[in-house]
Each structure stands twice: as C-alpha cells, then as structure tokens.
$ cat entry02.cif   # mmCIF, C-alpha atoms and all ligand atoms
data_input
#
loop_
_atom_site.label_atom_id
_atom_site.label_comp_id
_atom_site.auth_asym_id
_atom_site.auth_seq_id
_atom_site.Cartn_x
_atom_site.Cartn_y
_atom_site.Cartn_z
CA MET A 1 -20.94 34.39 9.73
CA ALA A 2 -20.75 33.23 6.07
CA ALA A 3 -23.74 34.36 3.95
CA ASN A 4 -24.28 30.88 2.57
CA LEU A 5 -24.46 27.88 4.86
CA ILE A 6 -23.05 25.66 2.12
CA GLU A 7 -20.76 26.44 -0.80
CA ILE A 8 -19.90 23.78 -3.32
CA SER A 9 -17.43 24.45 -6.08
CA ASN A 10 -16.15 22.15 -8.79
CA LEU A 11 -17.03 19.16 -6.59
CA HIS A 12 -16.09 15.74 -7.98
CA LYS A 13 -16.49 12.24 -6.62
CA LYS A 14 -15.04 9.04 -7.99
CA PHE A 15 -15.51 5.47 -6.88
CA GLY A 16 -13.00 2.71 -7.65
CA GLN A 17 -9.47 2.76 -9.03
CA GLY A 18 -7.83 2.07 -12.38
CA LYS A 19 -10.15 0.29 -14.83
CA LYS A 20 -12.92 0.32 -12.23
CA GLU A 21 -12.71 4.09 -11.72
CA VAL A 22 -16.07 5.85 -12.17
CA TRP A 23 -16.65 9.58 -11.76
CA VAL A 24 -20.08 9.82 -10.17
CA LEU A 25 -20.12 13.58 -9.51
CA ARG A 26 -18.50 15.66 -12.24
CA GLY A 27 -17.99 19.29 -11.26
CA LEU A 28 -20.86 20.64 -9.17
CA ASN A 29 -21.27 24.32 -8.32
CA PHE A 30 -24.02 25.59 -6.05
CA SER A 31 -24.68 27.11 -2.68
CA ILE A 32 -27.39 26.68 -0.05
CA LYS A 33 -28.50 29.61 2.05
CA ARG A 34 -29.34 29.44 5.72
CA LYS A 35 -32.98 28.27 6.19
CA GLU A 36 -33.26 27.40 2.50
CA THR A 37 -34.91 24.29 1.06
CA PHE A 38 -32.82 22.96 -1.78
CA CYS A 39 -34.21 19.97 -3.67
CA ILE A 40 -32.29 17.71 -5.99
CA VAL A 41 -34.16 15.63 -8.54
CA GLY A 42 -33.03 13.17 -11.17
CA GLU A 43 -33.33 9.59 -12.30
CA SER A 44 -31.96 6.65 -10.35
CA GLY A 45 -28.18 6.44 -10.37
CA CYS A 46 -27.47 10.08 -11.30
CA GLY A 47 -25.62 10.69 -8.02
CA LYS A 48 -28.19 12.28 -5.68
CA THR A 49 -27.51 10.05 -2.68
CA THR A 50 -23.74 10.25 -3.15
CA LEU A 51 -23.99 14.05 -3.06
CA GLY A 52 -26.25 13.90 0.03
CA ARG A 53 -23.77 11.62 1.79
CA ILE A 54 -20.91 14.01 0.96
CA LEU A 55 -22.92 16.95 2.35
CA ALA A 56 -23.50 14.94 5.55
CA ASN A 57 -19.77 14.04 5.55
CA ILE A 58 -20.54 10.32 5.49
CA GLU A 59 -18.68 10.10 2.19
CA SER A 60 -15.54 12.04 1.21
CA TYR A 61 -15.17 14.08 -1.98
CA SER A 62 -12.39 13.44 -4.48
CA LYS A 63 -11.83 16.94 -5.91
CA GLY A 64 -13.13 20.49 -5.53
CA SER A 65 -14.41 22.28 -2.48
CA TYR A 66 -17.21 21.85 0.07
CA ARG A 67 -17.44 24.68 2.57
CA PHE A 68 -19.86 24.47 5.48
CA SER A 69 -20.36 27.68 7.42
CA GLY A 70 -17.25 29.04 5.71
CA GLN A 71 -14.99 26.10 6.61
CA GLU A 72 -13.61 23.53 4.17
CA VAL A 73 -15.09 20.23 5.36
CA LYS A 74 -11.98 18.21 4.43
CA ASP A 75 -9.88 20.38 6.75
CA LEU A 76 -12.13 20.30 9.82
CA THR A 77 -10.28 19.57 13.04
CA LYS A 78 -11.52 16.87 15.45
CA LYS A 79 -13.22 19.53 17.54
CA ASP A 80 -14.89 21.13 14.50
CA LEU A 81 -16.00 17.71 13.28
CA ARG A 82 -17.78 17.09 16.56
CA SER A 83 -19.78 20.27 16.12
CA PHE A 84 -20.36 19.48 12.40
CA LYS A 85 -21.82 16.07 13.38
CA LYS A 86 -24.22 17.84 15.69
CA ASP A 87 -25.11 20.49 13.16
CA VAL A 88 -25.70 18.25 10.14
CA GLN A 89 -28.10 15.33 10.20
CA MET A 90 -29.23 12.88 7.53
CA ILE A 91 -32.61 11.17 7.26
CA HIS A 92 -32.42 8.03 5.13
CA GLN A 93 -34.78 6.52 2.62
CA ASP A 94 -35.42 3.36 4.63
CA PRO A 95 -36.18 4.24 8.24
CA PHE A 96 -36.19 0.57 9.24
CA ALA A 97 -32.62 0.02 8.11
CA SER A 98 -31.40 3.13 9.90
CA LEU A 99 -33.08 2.47 13.27
CA ASN A 100 -31.44 0.03 15.68
CA PRO A 101 -33.96 -2.85 15.98
CA VAL A 102 -32.95 -3.79 19.54
CA GLN A 103 -33.38 -0.31 21.00
CA THR A 104 -36.64 1.17 22.22
CA ILE A 105 -37.83 4.44 20.74
CA PHE A 106 -36.87 6.10 24.05
CA SER A 107 -33.27 4.87 23.75
CA ILE A 108 -33.01 5.80 20.06
CA ILE A 109 -33.89 9.41 20.87
CA ALA A 110 -32.16 9.56 24.27
CA ASN A 111 -28.75 8.24 23.15
CA PRO A 112 -27.63 11.23 21.05
CA LEU A 113 -28.87 13.59 23.79
CA LYS A 114 -26.70 11.83 26.35
CA ARG A 115 -23.74 11.35 24.00
CA HIS A 116 -23.57 15.07 23.29
CA ASN A 117 -24.21 16.02 26.94
CA ILE A 118 -27.40 17.85 26.03
CA THR A 119 -29.24 16.21 28.92
CA LYS A 120 -27.66 14.59 31.97
CA LYS A 121 -30.26 13.41 34.49
CA TYR A 122 -32.91 10.82 33.57
CA ASN A 123 -35.80 13.23 34.21
CA GLU A 124 -34.26 15.81 31.93
CA THR A 125 -33.74 13.22 29.16
CA TYR A 126 -37.28 11.89 29.57
CA LYS A 127 -38.72 15.37 29.25
CA GLU A 128 -36.66 16.16 26.15
CA VAL A 129 -37.42 12.83 24.44
CA SER A 130 -41.14 13.43 25.08
CA ARG A 131 -40.93 16.97 23.71
CA ILE A 132 -39.27 15.80 20.49
CA LEU A 133 -41.68 12.88 19.93
CA ASP A 134 -44.55 15.31 20.43
CA LEU A 135 -42.99 17.67 17.87
CA VAL A 136 -42.97 15.00 15.16
CA GLY A 137 -46.54 13.96 15.94
CA LEU A 138 -45.88 10.68 17.75
CA THR A 139 -48.56 11.13 20.37
CA PRO A 140 -49.59 10.19 22.97
CA VAL A 141 -45.88 9.98 23.62
CA GLU A 142 -46.27 7.30 26.35
CA ASP A 143 -47.59 4.89 23.70
CA PHE A 144 -44.29 5.03 21.81
CA LEU A 145 -41.50 5.26 24.39
CA ASP A 146 -41.20 1.53 25.12
CA LYS A 147 -41.92 0.28 21.62
CA TYR A 148 -39.33 -1.16 19.23
CA PRO A 149 -39.04 -0.02 15.58
CA HIS A 150 -40.67 -3.22 14.23
CA GLN A 151 -43.82 -2.41 16.21
CA LEU A 152 -44.35 0.85 14.27
CA SER A 153 -45.77 1.58 10.82
CA GLY A 154 -43.55 2.93 8.02
CA GLY A 155 -44.79 6.48 8.61
CA GLN A 156 -44.21 6.25 12.37
CA LYS A 157 -40.69 4.87 11.85
CA GLN A 158 -39.87 7.76 9.51
CA ARG A 159 -41.13 10.16 12.20
CA VAL A 160 -38.75 8.49 14.68
CA SER A 161 -35.88 9.05 12.21
CA ILE A 162 -36.86 12.70 11.95
CA ALA A 163 -37.12 12.96 15.75
CA ARG A 164 -33.66 11.44 16.16
CA ALA A 165 -32.23 13.89 13.63
CA LEU A 166 -33.79 16.76 15.58
CA THR A 167 -32.34 15.82 18.96
CA LEU A 168 -29.15 17.73 18.29
CA ASP A 169 -30.85 20.89 17.02
CA PRO A 170 -29.22 20.76 13.57
CA SER A 171 -28.89 23.72 11.22
CA PHE A 172 -28.79 21.49 8.14
CA MET A 173 -30.66 18.30 7.28
CA VAL A 174 -30.08 15.98 4.33
CA VAL A 175 -33.36 14.22 3.63
CA ASP A 176 -32.91 11.29 1.23
CA GLU A 177 -36.13 10.04 -0.42
CA ALA A 178 -37.64 10.15 3.04
CA VAL A 179 -41.21 9.71 1.90
CA SER A 180 -40.72 7.37 -1.05
CA MET A 181 -41.41 4.23 1.01
CA ILE A 182 -44.44 5.69 2.72
CA ASP A 183 -48.09 5.46 1.66
CA THR A 184 -49.24 8.42 -0.40
CA SER A 185 -51.79 9.40 2.27
CA LEU A 186 -49.01 9.82 4.87
CA ARG A 187 -46.53 11.54 2.57
CA ILE A 188 -48.08 14.98 2.71
CA SER A 189 -48.41 14.74 6.47
CA ILE A 190 -44.68 13.95 6.89
CA LEU A 191 -43.65 16.63 4.39
CA ASN A 192 -45.82 19.14 6.25
CA SER A 193 -44.24 18.15 9.57
CA LEU A 194 -40.77 18.71 8.08
CA LYS A 195 -41.84 22.11 6.77
CA GLU A 196 -43.25 23.11 10.17
CA LEU A 197 -40.03 22.06 11.87
CA GLN A 198 -38.07 24.13 9.40
CA MET A 199 -40.11 27.24 10.23
CA LYS A 200 -39.73 26.62 13.95
CA TYR A 201 -36.03 25.78 13.99
CA ASN A 202 -34.65 27.57 10.92
CA VAL A 203 -33.15 24.42 9.46
CA SER A 204 -31.79 24.30 5.89
CA PHE A 205 -32.82 21.24 3.91
CA PHE A 206 -31.10 19.31 1.16
CA PHE A 207 -34.02 17.23 -0.05
CA ILE A 208 -33.39 14.31 -2.41
CA THR A 209 -36.15 12.90 -4.56
CA HIS A 210 -36.68 11.36 -7.99
CA ASP A 211 -40.19 12.83 -8.00
CA LEU A 212 -40.55 16.38 -9.32
CA THR A 213 -44.09 16.62 -7.91
CA ILE A 214 -42.75 16.08 -4.39
CA ALA A 215 -39.90 18.53 -5.00
CA ASN A 216 -42.41 21.12 -6.22
CA TYR A 217 -44.51 20.67 -3.08
CA PHE A 218 -41.69 20.57 -0.56
CA ALA A 219 -39.49 23.31 -2.02
CA LYS A 220 -42.29 25.72 -2.95
CA GLU A 221 -40.32 28.60 -1.36
CA GLY A 222 -36.93 27.17 -2.23
CA ARG A 223 -34.94 25.96 -5.22
CA ILE A 224 -34.75 22.82 -7.30
CA ALA A 225 -31.65 21.42 -9.02
CA VAL A 226 -32.08 18.86 -11.79
CA MET A 227 -29.26 16.35 -12.03
CA TYR A 228 -28.24 14.19 -14.96
CA LEU A 229 -25.28 11.80 -14.88
CA GLY A 230 -23.47 13.52 -12.03
CA LYS A 231 -24.00 17.10 -13.17
CA ILE A 232 -26.59 19.77 -12.48
CA VAL A 233 -28.26 20.61 -15.79
CA GLU A 234 -30.75 23.18 -14.48
CA LEU A 235 -31.09 25.04 -11.20
CA GLY A 236 -33.73 27.57 -10.28
CA GLU A 237 -36.29 28.93 -7.89
CA THR A 238 -39.04 26.35 -7.76
CA ASP A 239 -41.85 28.17 -9.60
CA GLU A 240 -39.42 29.54 -12.17
CA LEU A 241 -38.01 26.07 -12.85
CA ILE A 242 -41.39 24.33 -13.01
CA TYR A 243 -43.22 26.95 -15.10
CA ASN A 244 -40.31 28.17 -17.19
CA ALA A 245 -38.13 25.07 -17.58
CA LYS A 246 -35.44 25.58 -20.20
CA HIS A 247 -33.35 22.41 -20.31
CA PRO A 248 -34.81 19.65 -22.53
CA TYR A 249 -34.28 17.08 -19.74
CA THR A 250 -36.25 19.17 -17.23
CA LYS A 251 -38.95 19.71 -19.85
CA ALA A 252 -39.19 15.93 -20.32
CA LEU A 253 -39.43 15.35 -16.55
CA ILE A 254 -42.18 17.97 -16.26
CA GLY A 255 -44.01 16.56 -19.28
CA ALA A 256 -44.05 13.16 -17.57
CA ILE A 257 -45.82 14.39 -14.41
CA PRO A 258 -49.33 12.95 -14.42
CA GLU A 259 -52.06 15.56 -13.91
CA ALA A 260 -55.15 14.85 -11.83
CA ASP A 261 -57.18 16.23 -14.73
CA PRO A 262 -57.02 13.85 -17.75
CA ILE A 263 -57.79 16.72 -20.16
CA ILE A 264 -54.77 18.69 -18.96
CA THR A 265 -52.65 15.52 -19.22
CA LYS A 266 -53.76 15.07 -22.81
CA SER A 267 -53.08 18.65 -23.78
CA LYS A 268 -49.78 18.96 -21.88
CA GLU A 269 -46.63 19.24 -23.90
CA ARG A 270 -45.00 15.82 -24.06
CA PHE A 271 -41.35 16.35 -24.57
CA GLN A 272 -39.96 13.42 -26.53
CA LEU A 273 -36.36 12.46 -25.87
CA LYS A 274 -34.31 10.66 -28.50
CA GLU A 275 -33.92 7.38 -26.65
CA GLY A 276 -35.01 6.00 -23.31
CA ASN A 277 -31.82 4.61 -21.81
CA ILE A 278 -29.40 6.68 -19.77
CA PRO A 279 -25.74 6.07 -20.70
CA GLU A 280 -23.68 4.45 -17.97
CA LEU A 281 -21.55 6.67 -15.75
CA LYS A 282 -18.39 4.82 -16.83
CA ASN A 283 -19.30 5.52 -20.44
CA ILE A 284 -20.31 9.18 -20.50
CA PRO A 285 -20.70 10.66 -24.01
CA SER A 286 -18.18 13.37 -24.85
CA GLY A 287 -19.37 16.99 -25.06
CA CYS A 288 -22.76 17.40 -23.40
CA ALA A 289 -23.57 14.13 -21.56
CA PHE A 290 -27.23 14.55 -22.54
CA ASN A 291 -26.52 14.57 -26.30
CA THR A 292 -27.57 10.92 -26.84
CA ARG A 293 -31.11 11.71 -25.67
CA CYS A 294 -31.43 15.36 -26.61
CA PRO A 295 -33.74 16.25 -29.51
CA TRP A 296 -31.99 19.65 -29.82
CA ALA A 297 -28.36 18.42 -29.92
CA GLU A 298 -26.39 20.40 -32.50
CA GLU A 299 -23.14 19.56 -34.27
CA PRO A 300 -20.40 20.27 -33.39
CA VAL A 301 -20.80 22.15 -30.09
CA CYS A 302 -23.01 19.66 -28.20
CA TYR A 303 -20.68 16.80 -29.10
CA ASP A 304 -17.40 18.63 -28.38
CA LYS A 305 -17.93 20.88 -25.39
CA ASP A 306 -19.36 20.22 -21.94
CA PRO A 307 -21.89 23.04 -21.29
CA LEU A 308 -21.47 25.22 -18.20
CA LEU A 309 -24.28 25.91 -15.76
CA ILE A 310 -24.88 29.62 -16.38
CA GLY A 311 -27.59 32.24 -15.93
CA SER A 312 -29.02 34.46 -13.25
CA GLU A 313 -29.26 33.91 -9.48
CA GLU A 314 -32.89 32.73 -10.01
CA HIS A 315 -32.32 30.38 -12.91
CA GLN A 316 -29.29 28.65 -14.43
CA VAL A 317 -29.07 26.16 -17.28
CA ALA A 318 -26.30 23.96 -18.66
CA CYS A 319 -27.27 23.72 -22.35
CA HIS A 320 -25.43 25.12 -25.38
CA VAL A 321 -28.65 25.49 -27.39
CA VAL A 322 -30.48 27.40 -24.63
CA ASN A 323 -27.51 29.55 -23.66
CA ASN A 324 -26.52 30.44 -27.23
CA ASN A 325 -29.97 31.72 -28.15
N1 LIG B 401 -19.82 2.95 -2.61
C1 LIG B 401 -19.93 2.91 -3.94
N2 LIG B 401 -19.02 2.28 -4.71
C2 LIG B 401 -19.11 2.24 -6.06
N3 LIG B 401 -20.10 2.84 -6.75
C3 LIG B 401 -21.04 3.49 -6.03
C4 LIG B 401 -21.02 3.55 -4.60
N4 LIG B 401 -22.10 4.27 -4.18
C5 LIG B 401 -22.76 4.62 -5.31
N5 LIG B 401 -22.14 4.16 -6.40
C6 LIG B 401 -22.54 4.38 -7.80
O1 LIG B 401 -22.68 5.78 -7.98
C7 LIG B 401 -23.74 6.05 -8.88
C8 LIG B 401 -24.70 7.05 -8.26
O2 LIG B 401 -25.36 6.42 -7.18
P1 LIG B 401 -26.35 7.22 -6.21
O3 LIG B 401 -26.89 6.25 -5.22
O4 LIG B 401 -25.64 8.41 -5.68
O5 LIG B 401 -27.47 7.68 -7.23
P2 LIG B 401 -28.96 8.16 -6.93
O6 LIG B 401 -29.24 9.22 -7.93
O7 LIG B 401 -29.11 8.52 -5.50
O8 LIG B 401 -29.80 6.86 -7.27
P3 LIG B 401 -31.12 6.29 -6.52
O9 LIG B 401 -32.21 7.28 -6.79
O10 LIG B 401 -31.32 4.97 -7.21
O11 LIG B 401 -30.76 6.15 -5.07
C9 LIG B 401 -24.39 4.71 -9.21
O12 LIG B 401 -23.88 4.27 -10.44
C10 LIG B 401 -23.92 3.81 -8.10
O13 LIG B 401 -23.85 2.47 -8.53
#

$ encode --input "entry02.cif" --output "structure tokens"
Amino acid sequence: MAANLIEISNLHKKFGQGKKEVWVLRGLNFSIKRKETFCIVGESGCGKTTLGRILANIESYSKGSYRFSGQEVKDLTKKDLRSFKKDVQMIHQDPFASLNPVQTIFSIIANPLKRHNITKKYNETYKEVSRILDLVGLTPVEDFLDKYPHQLSGGQKQRVSIARALTLDPSFMVVDEAVSMIDTSLRISILNSLKELQMKYNVSFFFITHDLTIANYFAKEGRIAVMYLGKIVELGETDELIYNAKHPYTKALIGAIPEADPIITKSKERFQLKEGNIPELKNIPSGCAFNTRCPWAEEPVCYDKDPLLIGSEEHQVACHVVNNN
C-alpha cells in the first residue's frame, strides 16, 4: 500500500484552445496522507474548485501526474475507475443544486447503495439508509425519509449531501466550500460532524475554502495550502502556517482575519499589499505571479524567475525573498 493516498506532481490544467487558452493550474506538487485533512485556501478564481474536481476525477488534468493509492488516475482501467468512484466522493458548495429535486431523501441515499450492490433487499437498504442519516444527525430518521430536498433547510440539505457521499464508505472526500452557504450557527455543527466521521471512518479530506478561519478550525490536526493564481505559495502544518506564516500573501490573509476582540484586531499586524486587484489568469505576470501585489518584490529575481515551493516537510514556501534569506 502506497504511503501517501494522493501524490500530485507538476500538475497543470488548461481550459480553452488557441487564443482562448488559459492555464488555471500551473505546476502543483503535494501529497495527502491517509486520514489526513488537507485544506486549500485562496481568493475566488485561483483554481481551488478546478483542483478539487480533478482530485475527484470529474475534470481531467492537462499535464503532470495525479496518483491515487499509487495508481496514475489517467491510466485507470474501467474496473479500477469503478472502485475509484466508490472510494472518492465530492461534496459540493450548493447542496440544492447537487441533490435531485424529484427524489426523496430515501431514494437519494438508497440509489448509490443499490447501484454498487452494497445492499440488495429493501429491508437491508432501509436499515442502511437509516443508519447513515442517523450518522449525519438527521434524526428522527423517519421524519426525513419521505421528504424532498426543497422541504429541508440549507444545513439539512448539506447533511444529506454528506450522507450520500458516505454511502459508499469512501477513503477520500473532496469538500468544496461545503459550509459557505450555511448560517454561521450551523457551520460549526456541520464541520464537527465531518470531523467525527473522519475519526470513525478514517477518511482523508481535501477541504476547499476561501476562509482561513474555517481552514484553521477544520484542519487543526492537518495541513493548509495557500493558493494564488493556480500555484501553491505556502504549505504547512496548520499551527505552523497560521502562527509562523512566511509568504507575504499568507501574512495578508491572516492579517485580514477579524478577531472577536477589537483590541487584538487593532494591534494585529496589517500586512499591506501593493494593490488590491488580482491579475487575470490569462495575463499572469512573468517571474513570481505575486510580484504586482508584493511589498517585498525585488529586482531582478522576483520579476524573472518563478519561485519554487521549497522547505521542510512541515512548512514550504514559494518566495525568493523568504527562501534566499
Ligand atoms: N470549465 C471551465 N472552462 C473555462 N474556464 C473555467 C472552467 N472552470 C473554471 N474556469 C476558470 O478557471 C479559473 C479558476 O476557477 P475555480 O472555480 O477553480 O476557482 P476557485 O478558486 O474555486 O474560485 P471560487 O472560490 O470562486 O469557486 C477561473 O478563472 C474560472 O473562470
């Protein structure tokens, strides 16, 4: 059995052809261990969802390598793909859009069980559907079985999405902004449910969020990768990254987190970037893509050479200024 569940090397993704060609992911290198929580954070449009969709094999990759359990995903045979589809599940940002509106909650959970021959007889399916709904906190189960998605609240719908993802006993889950459309009061409860399920079932998570506070909470025992314009600029164990951030972009993201205590907020280091707008992906600056916003950018290196993500197992940074000092 491979040591890492996931190994990504020099991964690239482009959309479009010719003049419309845009490279959305530009050489990613990372791995995810079994049972690990790996969070990816970054502003809108930096490529988080595209990467999540590639990891779930909903989207193909254009260049580089993606190995799952030691096997190159592009080369999976039909038989391997069937087991991959069972093993890897994705929970989407908008549970309403991803749940079939004309199916009852019972059918939504029962269908994958039947399709993959996990349960055969009705009684068996009923028992398993009830067990899974109970696991995600949709109780009393009988109140939910005959309902349709539109009859549930946002939080309940997201729990149904999680339940559906769990039916096939996955080893890896891609969770895309799964709590961003849910009231703050319910967020922690859903995040806690996901964490409990991870402990129980040893699932690895690839958790996508634009909110570093949520990443810090959910990946407390895991790692966070910070993405900027299709590249990872900093990657580290969560506490190390939050309390010892090195990349100016990560520092700016951390500086922007509001503190409950207004005195701390006032005294916290505000890291000023050069300008607010992110360059477009089809117009990436040469050298380090962050150079247009970076207060540390130095001539000539930051304008000529793309920095590599380097460092220790616990903490890696892609910044010439940090890595040269
Ligand atoms: N199917 C597609 N065809 C063309 N361009 C696409 C496609 N899907 C995504 N993109 C582009 O790829 C870039 C990255 O999008 P992506 O959704 O991965 O970013 P994101 O970081 O997840 O953003 P958000 O937080 O807003 O969801 C964007 O510029 C987007 O317009």

$ closest_atom_pairs --input "entry02.cif" --of "chain A" --to "ligand LIG 401 (chain B)" --cutoff "10 Å" --atoms "all atoms listed in the file" --output "tab-separated table"
residue	atom	partner	partner_atom	distance
A:Lys13	CA	B:LIG401	O1	9.0
A:Lys14	CA	B:LIG401	N3	8.1
A:Phe15	CA	B:LIG401	C2	4.9
A:Gly16	CA	B:LIG401	C2	6.3
A:Lys20	CA	B:LIG401	C2	8.9
A:Glu21	CA	B:LIG401	C2	8.7
A:Val22	CA	B:LIG401	N3	7.4
A:Trp23	CA	B:LIG401	O1	8.1
A:Val24	CA	B:LIG401	O1	5.3
A:Leu25	CA	B:LIG401	C8	8.1
A:Ile40	CA	B:LIG401	O6	9.2
A:Val41	CA	B:LIG401	O6	8.1
A:Gly42	CA	B:LIG401	O6	6.4
A:Glu43	CA	B:LIG401	O6	6.0
A:Ser44	CA	B:LIG401	O10	3.6
A:Gly45	CA	B:LIG401	O5	3.4
A:Cys46	CA	B:LIG401	O6	3.9
A:Gly47	CA	B:LIG401	O4	3.3
A:Lys48	CA	B:LIG401	O7	3.9
A:Thr49	CA	B:LIG401	O7	3.6
A:Thr50	CA	B:LIG401	O4	3.7
A:Leu51	CA	B:LIG401	O4	6.4
A:Gly52	CA	B:LIG401	O4	7.9
A:Arg53	CA	B:LIG401	O4	8.3
A:Ile54	CA	B:LIG401	O4	9.9
A:Glu59	CA	B:LIG401	N1	8.7
A:Gln93	CA	B:LIG401	O11	8.7
A:Asp176	CA	B:LIG401	O7	8.2
A:Glu177	CA	B:LIG401	O9	8.0
A:Ile208	CA	B:LIG401	O7	7.8
A:Thr209	CA	B:LIG401	O9	7.2
A:His210	CA	B:LIG401	O9	6.2
A:Asp211	CA	B:LIG401	O9	9.8
A:Met227	CA	B:LIG401	O6	8.2
A:Tyr228	CA	B:LIG401	O6	8.7
A:Leu229	CA	B:LIG401	C8	8.2
A:Gly230	CA	B:LIG401	C8	7.6
A:Glu280	CA	B:LIG401	O12	7.5
A:Leu281	CA	B:LIG401	O12	6.3
A:Lys282	CA	B:LIG401	O12	8.4

$ axis_aligned_box --input "entry02.cif" --around "region 303-307 of chain A" --padding-each-side "8 Å" --output "JSON"
{"center_x": -19.6, "center_y": 19.9, "center_z": -25.2, "size_x": 20.5, "size_y": 22.2, "size_z": 23.8}

$ closest_residue --input "entry02.cif" --among "A:Gln156, A:Thr77, A:Asn277, A:Thr292" --to "Phe144 (chain A)" --atoms "all atoms listed in the file"
A:Gln156

$ residues_around --input "entry02.cif" --residues "Asn216 (chain A)" --least-positions-apart "4" --cutoff "12 Å" --atoms "all atoms listed in the file" --output "list in words"
Thr37, Phe38, Cys39, Ile40, Val41, Leu191, Phe207, Ile208, Thr209, His210, Asp211, Leu212, Lys220, Glu221, Gly222, Arg223, Ile224, Ala225, Val226, Gly236, Glu237, Thr238, Asp239, Glu240, Leu241, Ile242, Tyr243, Ile254 and Ile257 of chain A

$ residues_around --input "entry02.cif" --residues "region 301-317 of chain A" --least-positions-apart "6" --cutoff "8 Å" --atoms "all atoms listed in the file" --output "list of chain:residue names"
A:Ile232, A:Val233, A:Glu234, A:Leu235, A:Gly236, A:Glu237, A:Glu240, A:Leu241, A:Lys246, A:His247, A:Pro285, A:Ser286, A:Gly287, A:Cys288, A:Ala289, A:Asn291, A:Asn323

$ atom_distance --input "entry02.cif" --atom1 "CA of Ser193 (chain A)" --atom2 "CA of Phe84 (chain A)"
24.1 Å

$ closest_residue --input "entry02.cif" --among "A:Thr250, A:Pro95, A:Ser83, A:Gln103" --to "Ile182 (chain A)" --atoms "only C-alpha atoms"
A:Pro95

$ closest_residue --input "entry02.cif" --among "A:Leu145, A:Ile109, A:Met199, A:Leu194" --to "Arg34 (chain A)" --atoms "all atoms listed in the file"
A:Met199

$ closest_residue --input "entry02.cif" --among "A:Asp183, A:Ser60, A:Asn283, A:Ala165" --to "Lys19 (chain A)" --atoms "only C-alpha atoms"
A:Asn283

$ residues_around --input "entry02.cif" --residues "Gln158 (chain A)" --least-positions-apart "4" --cutoff "8 Å" --atoms "all atoms listed in the file" --output "list of chain:residue names"
A:Asp94, A:Pro95, A:Gly154, A:Ile162, A:Ala178, A:Val179

$ closest_residue --input "entry02.cif" --among "A:Ser62, A:Asn4, A:Ser185, A:Asn29" --to "Gln17 (chain A)" --atoms "all atoms listed in the file"
A:Ser62

$ atom_distance --input "entry02.cif" --atom1 "CA of Phe290 (chain A)" --atom2 "CA of Leu273 (chain A)"
9.9 Å

$ residues_around --input "entry02.cif" --residues "Ser31 (chain A)" --least-positions-apart "2" --cutoff "6 Å" --atoms "all atoms listed in the file" --output "count of residues only"
3

$ residues_around --input "entry02.cif" --residues "Tyr201 (chain A)" --least-positions-apart "6" --cutoff "10 Å" --atoms "only C-alpha atoms" --output "NGL selection string"
:A and (35 or 166 or 169-171 or 195)

$ closest_residue --input "entry02.cif" --among "A:Tyr249, A:Phe30, A:Phe68, A:Phe218" --to "Ala56 (chain A)" --atoms "only C-alpha atoms"
A:Phe68
